[in-house]
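Notes follow the structure.
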Amino acid sequence: MATLPPDRTPLYHHPLPALEEWLRGLGARQRGTHAAIWDLHRPQWSATIELAVEDLQVSWYHDGQERLRHFPYGLARADVEAAILAGP
């Protein structure tokens, strides 16, 4: 189990195992053999989280609509987490 840096630490200062542990802690599951794609399900919405090269991309799905946002790795983990969990 990877140790997470403090929650105000920018994502780019997280080693990959720590990012994966963080996503698991949110309840996300890795999508099959796609190491960079994670699925997160909540009662009101679902989301796909992609660890892309330039940023973290989140697509929320709710009522048949998709909403996509890009979060630079320079943002603090706490801020990105709050935005993800706020939903679409």
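As shown in the structure tokens, the chain order sets the letters A, B, ...; within each chain, residues go from 1, and ligands are also counted from 1 in the order they appear.
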
Quick one: residues within 8 Å of segment 70-87 of chain A, only C-alpha atoms, excluding same-chain residues fewer than 3 positions away - as a list of chain:residue names?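 My reading of the contact set: A:Asp7, A:Arg8, A:Thr9, A:Pro10, A:Leu11, A:Tyr12, A:Trp45, A:Glu54, A:Asp55, A:Leu56, A:Gln57, A:Val58, A:Trp60.
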
Write the residues of the selection above to a file with N, CA and C atoms, as a CSV table (one decimal), in the first residue's frame.
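Contents of the output file selection.csv:
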chain,number,residue,atom,x,y,z
A,7,ASP,N,-2.7,16.0,1.6
A,7,ASP,CA,-3.7,16.3,0.6
A,7,ASP,C,-3.6,17.6,-0.1
A,8,ARG,N,-2.8,18.5,0.3
A,8,ARG,CA,-2.6,19.8,-0.4
A,8,ARG,C,-1.4,19.7,-1.4
A,9,THR,N,-0.8,18.5,-1.5
A,9,THR,CA,0.3,18.3,-2.4
A,9,THR,C,-0.2,18.2,-3.8
A,10,PRO,N,0.4,18.9,-4.8
A,10,PRO,CA,0.0,18.7,-6.2
A,10,PRO,C,0.1,17.3,-6.7
A,11,LEU,N,-0.8,16.9,-7.6
A,11,LEU,CA,-0.8,15.6,-8.1
A,11,LEU,C,0.5,15.2,-8.7
A,12,TYR,N,1.3,16.1,-9.3
A,12,TYR,CA,2.5,15.7,-10.0
A,12,TYR,C,3.6,15.3,-9.0
A,45,TRP,N,-24.6,9.4,-10.2
A,45,TRP,CA,-23.8,9.6,-11.4
A,45,TRP,C,-22.7,8.5,-11.4
A,54,GLU,N,-1.0,14.8,-20.0
A,54,GLU,CA,-0.9,16.2,-19.6
A,54,GLU,C,-1.8,16.6,-18.4
A,55,ASP,N,-2.8,15.8,-18.1
A,55,ASP,CA,-3.7,16.1,-17.0
A,55,ASP,C,-4.5,14.9,-16.7
A,56,LEU,N,-5.3,15.1,-15.6
A,56,LEU,CA,-6.3,14.1,-15.2
A,56,LEU,C,-7.6,14.4,-15.8
A,57,GLN,N,-8.2,13.5,-16.5
A,57,GLN,CA,-9.5,13.8,-17.2
A,57,GLN,C,-10.6,13.1,-16.5
A,58,VAL,N,-11.7,13.8,-16.3
A,58,VAL,CA,-12.8,13.1,-15.7
A,58,VAL,C,-14.0,13.4,-16.5
A,60,TRP,N,-18.0,12.7,-16.3
A,60,TRP,CA,-19.2,12.3,-15.5
A,60,TRP,C,-20.3,11.9,-16.4

Can you tell me which residues surround segment 20-22 of chain A at a distance of at most 12 Å, considering only C-alpha atoms, apart from same-chain residues fewer than 5 positions away, and format the answer as a PyMOL selection string? chain A and resi 1-7+11+14-15+27-30+35-38+49-51+77-78+80-81

Per DSSP on the backbone, filter chain A down to the residues in strand (DSSP E) and report them as an NGL selection string. :A and (29-31 or 34-41 or 46-51 or 55-62 or 65-72)

Could you write out, as a VMD selection string, all the residues of segment 13-77 of chain A that DSSP marks as helix (DSSP H, G or I)? chain A and resid 13 16 to 26 77

note - atom CA of Ser46 of chain A and atom CA of Pro88 of chain A are separated by 9.2 Å
